>>> print(open('final_22.txt').read())   # compact mmCIF, C-alpha atoms (C1' of nucleotides)
# COMPACT_ATOMS: atom_id res chain seq x y z
CA MET Y 3 -54.64 119.16 180.48
CA ASN Y 4 -54.45 120.61 176.95
CA LYS Y 5 -52.64 119.05 174.01
CA THR Y 6 -49.38 120.86 174.66
CA GLN Y 7 -49.37 119.84 178.30
CA ILE Y 8 -50.14 116.21 177.46
CA PHE Y 9 -47.25 116.10 174.99
CA GLU Y 10 -44.96 117.58 177.64
CA PHE Y 11 -46.30 115.13 180.24
CA PHE Y 12 -45.31 112.07 178.22
CA SER Y 13 -42.09 113.64 176.91
CA ARG Y 14 -40.82 113.91 180.47
CA LEU Y 15 -41.89 110.41 181.49
CA ALA Y 16 -40.26 109.07 178.31
CA GLU Y 17 -37.01 110.87 178.96
CA ALA Y 18 -36.90 109.60 182.55
CA ASN Y 19 -37.60 106.02 181.47
CA PRO Y 20 -36.91 105.45 177.74
CA ALA Y 21 -37.69 101.71 177.74
CA PRO Y 22 -40.39 100.97 180.32
CA ARG Y 23 -41.15 97.32 180.95
CA THR Y 24 -43.63 95.34 183.00
CA GLU Y 25 -42.39 94.31 186.43
CA LEU Y 26 -44.16 90.96 186.19
CA GLU Y 27 -41.70 88.14 185.59
CA TYR Y 28 -42.38 85.68 182.74
CA GLY Y 29 -40.63 83.61 180.10
CA ASN Y 30 -43.22 83.36 177.33
CA ASP Y 31 -46.61 84.69 176.22
CA TYR Y 32 -48.55 82.07 178.16
CA GLN Y 33 -46.69 82.80 181.39
CA LEU Y 34 -47.33 86.52 180.91
CA LEU Y 35 -51.06 85.84 180.55
CA ILE Y 36 -51.07 83.78 183.75
CA ALA Y 37 -49.02 86.36 185.66
CA VAL Y 38 -51.48 89.10 184.68
CA VAL Y 39 -54.49 87.00 185.70
CA LEU Y 40 -52.84 86.33 189.07
CA SER Y 41 -52.01 90.02 189.55
CA ALA Y 42 -55.62 91.14 190.10
CA GLN Y 43 -55.84 93.01 193.42
CA ALA Y 44 -52.31 91.87 194.30
CA THR Y 45 -48.84 93.42 194.11
CA ASP Y 46 -46.39 92.53 191.33
CA VAL Y 47 -43.83 91.69 194.01
CA GLY Y 48 -46.18 89.18 195.59
CA VAL Y 49 -47.10 87.62 192.25
CA ASN Y 50 -43.45 87.27 191.22
CA LYS Y 51 -42.61 85.56 194.48
CA ALA Y 52 -45.15 82.84 193.70
CA THR Y 53 -44.58 82.53 189.95
CA ARG Y 54 -40.81 82.18 190.30
CA ALA Y 55 -41.27 78.59 191.50
CA LEU Y 56 -44.46 77.96 189.53
CA PHE Y 57 -43.01 78.96 186.14
CA ARG Y 58 -39.99 76.74 186.70
CA GLU Y 59 -42.38 73.77 186.60
CA VAL Y 60 -45.02 75.17 184.23
CA GLU Y 61 -44.16 76.73 180.87
CA THR Y 62 -47.19 75.62 178.82
CA PRO Y 63 -50.96 75.35 179.28
CA ALA Y 64 -50.69 71.56 179.00
CA GLN Y 65 -48.26 71.50 181.91
CA MET Y 66 -50.66 73.71 183.92
CA VAL Y 67 -53.50 71.27 183.29
CA ALA Y 68 -51.23 68.45 184.41
CA LEU Y 69 -50.37 70.32 187.61
CA GLY Y 70 -54.07 70.60 188.42
CA GLU Y 71 -56.12 73.02 190.48
CA GLU Y 72 -54.97 71.79 193.90
CA GLY Y 73 -51.34 71.73 192.82
CA LEU Y 74 -51.65 75.28 191.52
CA LYS Y 75 -53.27 76.45 194.77
CA GLN Y 76 -50.25 75.28 196.72
CA HIS Y 77 -48.10 77.60 194.57
CA ILE Y 78 -50.32 80.68 194.80
CA LYS Y 79 -51.73 80.50 198.33
CA THR Y 80 -49.78 83.62 199.25
CA ILE Y 81 -51.70 85.64 196.63
CA GLY Y 82 -55.11 87.10 197.42
CA LEU Y 83 -58.22 85.62 195.76
CA TYR Y 84 -56.26 82.42 195.13
CA ASN Y 85 -59.23 80.03 195.00
CA ALA Y 86 -60.98 81.88 192.18
CA LYS Y 87 -57.67 82.48 190.37
CA ALA Y 88 -56.65 78.82 190.52
CA LYS Y 89 -60.01 77.73 189.15
CA ASN Y 90 -59.84 80.28 186.33
CA VAL Y 91 -56.23 79.51 185.39
CA ILE Y 92 -56.90 75.78 185.07
CA ALA Y 93 -60.10 76.33 183.06
CA LEU Y 94 -58.35 78.88 180.87
CA SER Y 95 -55.44 76.52 180.26
CA GLU Y 96 -57.77 73.67 179.30
CA ILE Y 97 -59.39 75.93 176.70
CA LEU Y 98 -56.02 76.99 175.27
CA VAL Y 99 -55.00 73.34 174.86
CA ARG Y 100 -58.32 72.27 173.38
CA ASP Y 101 -59.24 75.22 171.14
CA PHE Y 102 -56.08 77.24 170.49
CA ASP Y 103 -53.30 74.66 170.04
CA GLY Y 104 -51.74 75.92 173.28
CA GLU Y 105 -51.19 79.42 171.86
CA VAL Y 106 -52.30 82.73 173.40
CA PRO Y 107 -54.94 84.47 171.24
CA ARG Y 108 -54.10 87.97 169.96
CA GLU Y 109 -57.60 89.43 169.62
CA ARG Y 110 -59.30 91.18 172.54
CA ASP Y 111 -62.70 89.66 171.78
CA VAL Y 112 -61.17 86.20 171.92
CA LEU Y 113 -59.00 86.82 174.98
CA THR Y 114 -61.94 88.11 177.00
CA THR Y 115 -63.87 84.88 176.45
CA LEU Y 116 -61.25 83.12 178.60
CA PRO Y 117 -62.17 82.69 182.29
CA GLY Y 118 -60.40 85.24 184.49
CA VAL Y 119 -59.53 87.46 181.52
CA GLY Y 120 -61.34 90.81 181.30
CA ARG Y 121 -60.67 93.87 179.21
CA LYS Y 122 -57.76 95.11 181.32
CA THR Y 123 -55.92 91.77 181.28
CA ALA Y 124 -56.51 91.41 177.53
CA ASN Y 125 -55.11 94.90 176.94
CA VAL Y 126 -51.97 94.11 178.95
CA VAL Y 127 -51.30 90.92 176.96
CA MET Y 128 -51.97 92.62 173.63
CA ASN Y 129 -49.56 95.43 174.49
CA THR Y 130 -46.79 93.58 176.27
CA ALA Y 131 -46.75 90.31 174.34
CA PHE Y 132 -47.89 91.49 170.92
CA GLY Y 133 -46.88 95.16 170.79
CA GLU Y 134 -50.35 96.62 170.27
CA GLU Y 135 -51.07 100.23 171.24
CA THR Y 136 -53.59 99.34 173.93
CA PHE Y 137 -54.24 101.15 177.21
CA ALA Y 138 -54.75 98.73 180.08
CA VAL Y 139 -56.52 100.81 182.71
CA ASP Y 140 -55.76 99.26 186.08
CA THR Y 141 -56.04 100.84 189.53
CA HIS Y 142 -52.91 102.94 188.96
CA ILE Y 143 -53.86 104.35 185.56
CA PHE Y 144 -57.40 105.01 186.73
CA ARG Y 145 -56.05 107.02 189.67
CA VAL Y 146 -53.34 108.88 187.73
CA GLY Y 147 -55.67 109.70 184.86
CA ASN Y 148 -58.24 111.19 187.20
CA ARG Y 149 -55.94 112.83 189.73
CA THR Y 150 -53.75 114.60 187.20
CA GLY Y 151 -56.52 115.58 184.82
CA LEU Y 152 -54.79 113.73 181.97
CA ALA Y 153 -57.76 111.42 181.35
CA PRO Y 154 -60.61 111.82 183.82
CA GLY Y 155 -63.43 109.26 183.77
CA LYS Y 156 -65.92 107.55 186.07
CA THR Y 157 -65.06 104.03 184.91
CA PRO Y 158 -61.88 102.33 183.67
CA LEU Y 159 -63.42 102.09 180.19
CA ALA Y 160 -64.14 105.84 180.17
CA VAL Y 161 -60.51 106.54 181.12
CA GLU Y 162 -59.28 104.14 178.43
CA GLN Y 163 -61.36 105.86 175.76
CA LYS Y 164 -60.10 109.26 176.83
CA LEU Y 165 -56.50 108.00 176.62
CA GLU Y 166 -57.24 106.66 173.13
CA LYS Y 167 -58.22 110.17 172.06
CA ARG Y 168 -55.57 112.15 173.94
CA VAL Y 169 -52.25 110.25 173.90
CA PRO Y 170 -50.09 111.40 170.97
CA GLY Y 171 -48.83 108.82 168.46
CA PRO Y 172 -45.19 108.56 169.53
CA PHE Y 173 -46.20 107.71 173.11
CA ARG Y 174 -49.09 105.33 172.54
CA ARG Y 175 -47.06 102.13 172.69
CA ASP Y 176 -45.52 102.72 176.11
CA ALA Y 177 -48.02 105.14 177.68
CA HIS Y 178 -49.68 102.58 179.90
CA HIS Y 179 -46.36 101.41 181.33
CA TRP Y 180 -45.26 104.96 182.09
CA LEU Y 181 -48.55 105.68 183.81
CA ILE Y 182 -48.46 102.50 185.90
CA LEU Y 183 -44.88 103.01 187.05
CA HIS Y 184 -45.61 106.66 187.82
CA GLY Y 185 -48.68 105.63 189.80
CA ARG Y 186 -46.84 102.91 191.68
CA TYR Y 187 -43.78 104.85 192.76
CA VAL Y 188 -44.68 108.56 192.71
CA CYS Y 189 -48.40 109.23 192.26
CA LYS Y 190 -49.28 106.70 194.96
CA ALA Y 191 -52.79 106.09 196.25
CA ARG Y 192 -52.22 106.91 199.91
CA LYS Y 193 -49.32 109.35 199.97
CA PRO Y 194 -48.51 110.81 196.55
CA GLU Y 195 -44.96 112.20 196.49
CA CYS Y 196 -45.67 115.39 194.57
CA TRP Y 197 -42.49 117.08 195.77
CA ARG Y 198 -40.42 114.74 193.60
CA CYS Y 199 -42.89 114.44 190.72
CA ILE Y 200 -41.46 115.55 187.35
CA VAL Y 201 -44.90 116.46 185.96
CA ALA Y 202 -46.34 118.20 189.03
CA ASP Y 203 -46.55 121.55 187.27
CA LEU Y 204 -48.82 120.00 184.61
CA CYS Y 205 -51.07 118.33 187.21
CA ARG Y 206 -54.30 119.70 188.63
CA TYR Y 207 -53.95 117.87 191.96
CA LYS Y 208 -52.77 120.01 194.84
CA PRO Y 209 -51.15 118.00 197.67
CA LYS Y 210 -52.42 118.64 201.19
CA THR Y 211 -49.18 117.70 202.90
CA PRO Y 212 -45.85 119.30 201.96
CA ALA Y 213 -42.59 117.51 201.34
CA PRO Y 214 -40.97 116.00 204.43
CA ALA Y 215 -38.33 118.19 206.05
CA THR Y 216 -34.82 117.36 204.97
CA LYS Y 217 -32.11 117.13 207.54
CA ALA Y 218 -29.59 119.91 207.23
CA GLY Y 219 -26.11 118.63 206.51
C1' DC M 16 -73.91 95.78 193.40
C1' DT M 17 -71.23 91.86 196.16
C1' DC M 18 -67.86 88.44 196.63
C1' DC M 19 -63.26 86.70 196.21
C1' DC M 20 -58.58 87.24 199.83
C1' DG M 21 -53.20 87.15 201.44
C1' DA M 22 -49.31 90.35 201.98
C1' DT M 23 -47.73 94.80 202.81
C1' DA M 24 -47.68 99.82 203.91
C1' DT M 25 -49.42 103.34 206.70
C1' DA O 25 -56.72 98.65 212.44
C1' DT O 26 -57.33 99.71 207.80
C1' DA O 27 -56.35 100.86 202.94
C1' DT O 28 -54.31 99.12 198.97
C1' DC O 29 -52.55 96.03 195.52
C1' DA O 30 -51.46 95.61 187.21
C1' DG O 31 -59.76 92.80 188.36
C1' DG O 32 -63.21 89.65 187.08
C1' DA O 33 -67.46 86.95 187.68
C1' DG O 34 -72.16 86.37 189.23
>>> encode(input="final_22.txt", output="structure tokens")
Amino acid sequence: MNKTQIFEFFSRLAEANPAPRTELEYGNDYQLLIAVVLSAQATDVGVNKATRALFREVETPAQMVALGEEGLKQHIKTIGLYNAKAKNVIALSEILVRDFDGEVPRERDVLTTLPGVGRKTANVVMNTAFGEETFAVDTHIFRVGNRTGLAPGKTPLAVEQKLEKRVPGPFRRDAHHWLILHGRYVCKARKPECWRCIVADLCRYKPKTPAPATKAG
DNA sequence: CTCCCGATAT
DNA sequence: ATATCAGGAG
């Protein structure tokens, strides 16, 4: 995609969804951080189902430490990778209490020192909690960036760096949300729905299967 | 690179 | 049955 096409790409996504928001449910910065850690290789719907009850009991890292690893496991057993996530969330919460006065750090280099927090999770928190213009390249953005030709790259970091260079100023704040939502509901991994995609004419991907036949009324 | 790992869609 | 889901650690 050239510059003009990229501007058009985001202009359309912005018009279709002027105020995109994460679909993870949370009440404060700490709960957002935990929700994002839990969302690795899991659906937002599945994470929300578990955190609805969890976040009613736990609003602070101190309360998470009090709940304990086994208590947390009972809440998140329906989420994949729950053993490793429970261990990381408790360890992470202990560090926040001990070293950060219970607050969520704002710097990527600090966030990524926390157990269970990598570059993608740090970028989500920086963008969604603190309003930074970061690009959190998850499975959806990686796929959409490569499939469309917007930001091709062999690794998530390569895609992120290409987005840094290519996404125009007015769209930088919300670009990653638009791309995720587009990837989740239209540019899907298994069966992309190109026939109802509003940026299909800007995309290099050519679908192998046509739109499903519509019943004549 | 492998391992972690339940729910859901196809 | 299998691929996929807001990845990260060893």
>>> atom_distance(input="final_22.txt", atom1="atom CA of Y:Leu74", atom2="atom CA of Y:Asn125")
24.7 Å
>>> atom_distance(input="final_22.txt", atom1="atom CA of Y:Ser41", atom2="atom C1' of O:DA30")
6.1 Å
>>> atom_distance(input="final_22.txt", atom1="atom CA of Y:Ser13", atom2="atom CA of Y:Ile200")
10.6 Å
>>> closest_atom_pairs(input="final_22.txt", of="chain M", to="chain Y", cutoff="6 Å", atoms="all atoms listed in the file", output="tab-separated table")
residue	atom	partner	partner_atom	distance
M:DC19	C1'	Y:Leu83	CA	5.2
M:DC20	C1'	Y:Gly82	CA	4.2
M:DG21	C1'	Y:Gly82	CA	4.5
>>> write_last_selection(input="final_22.txt", atoms="C-alpha atoms (C1' of nucleotides)", output="PDB file, in the coordinates of the input")
ATOM      1  C1'  DC M  19     -63.260  86.700 196.210  1.00  0.00           C
ATOM      2  C1'  DC M  20     -58.580  87.240 199.830  1.00  0.00           C
ATOM      3  C1'  DG M  21     -53.200  87.150 201.440  1.00  0.00           C
TER       4       DG M  21
END
>>> closest_atom_pairs(input="final_22.txt", of="chain O", to="chain Y", cutoff="8 Å", atoms="all atoms listed in the file", output="JSON lines")
{"residue": "O:DA27", "atom": "C1'", "partner": "Y:Arg192", "partner_atom": "CA", "distance": 7.9}
{"residue": "O:DT28", "atom": "C1'", "partner": "Y:Ala191", "partner_atom": "CA", "distance": 7.6}
{"residue": "O:DC29", "atom": "C1'", "partner": "Y:Ala44", "partner_atom": "CA", "distance": 4.3}
{"residue": "O:DA30", "atom": "C1'", "partner": "Y:Asp140", "partner_atom": "CA", "distance": 5.8}
{"residue": "O:DG31", "atom": "C1'", "partner": "Y:Ala42", "partner_atom": "CA", "distance": 4.8}
{"residue": "O:DG32", "atom": "C1'", "partner": "Y:Gly118", "partner_atom": "CA", "distance": 5.8}
{"residue": "O:DA33", "atom": "C1'", "partner": "Y:Gly118", "partner_atom": "CA", "distance": 7.9}
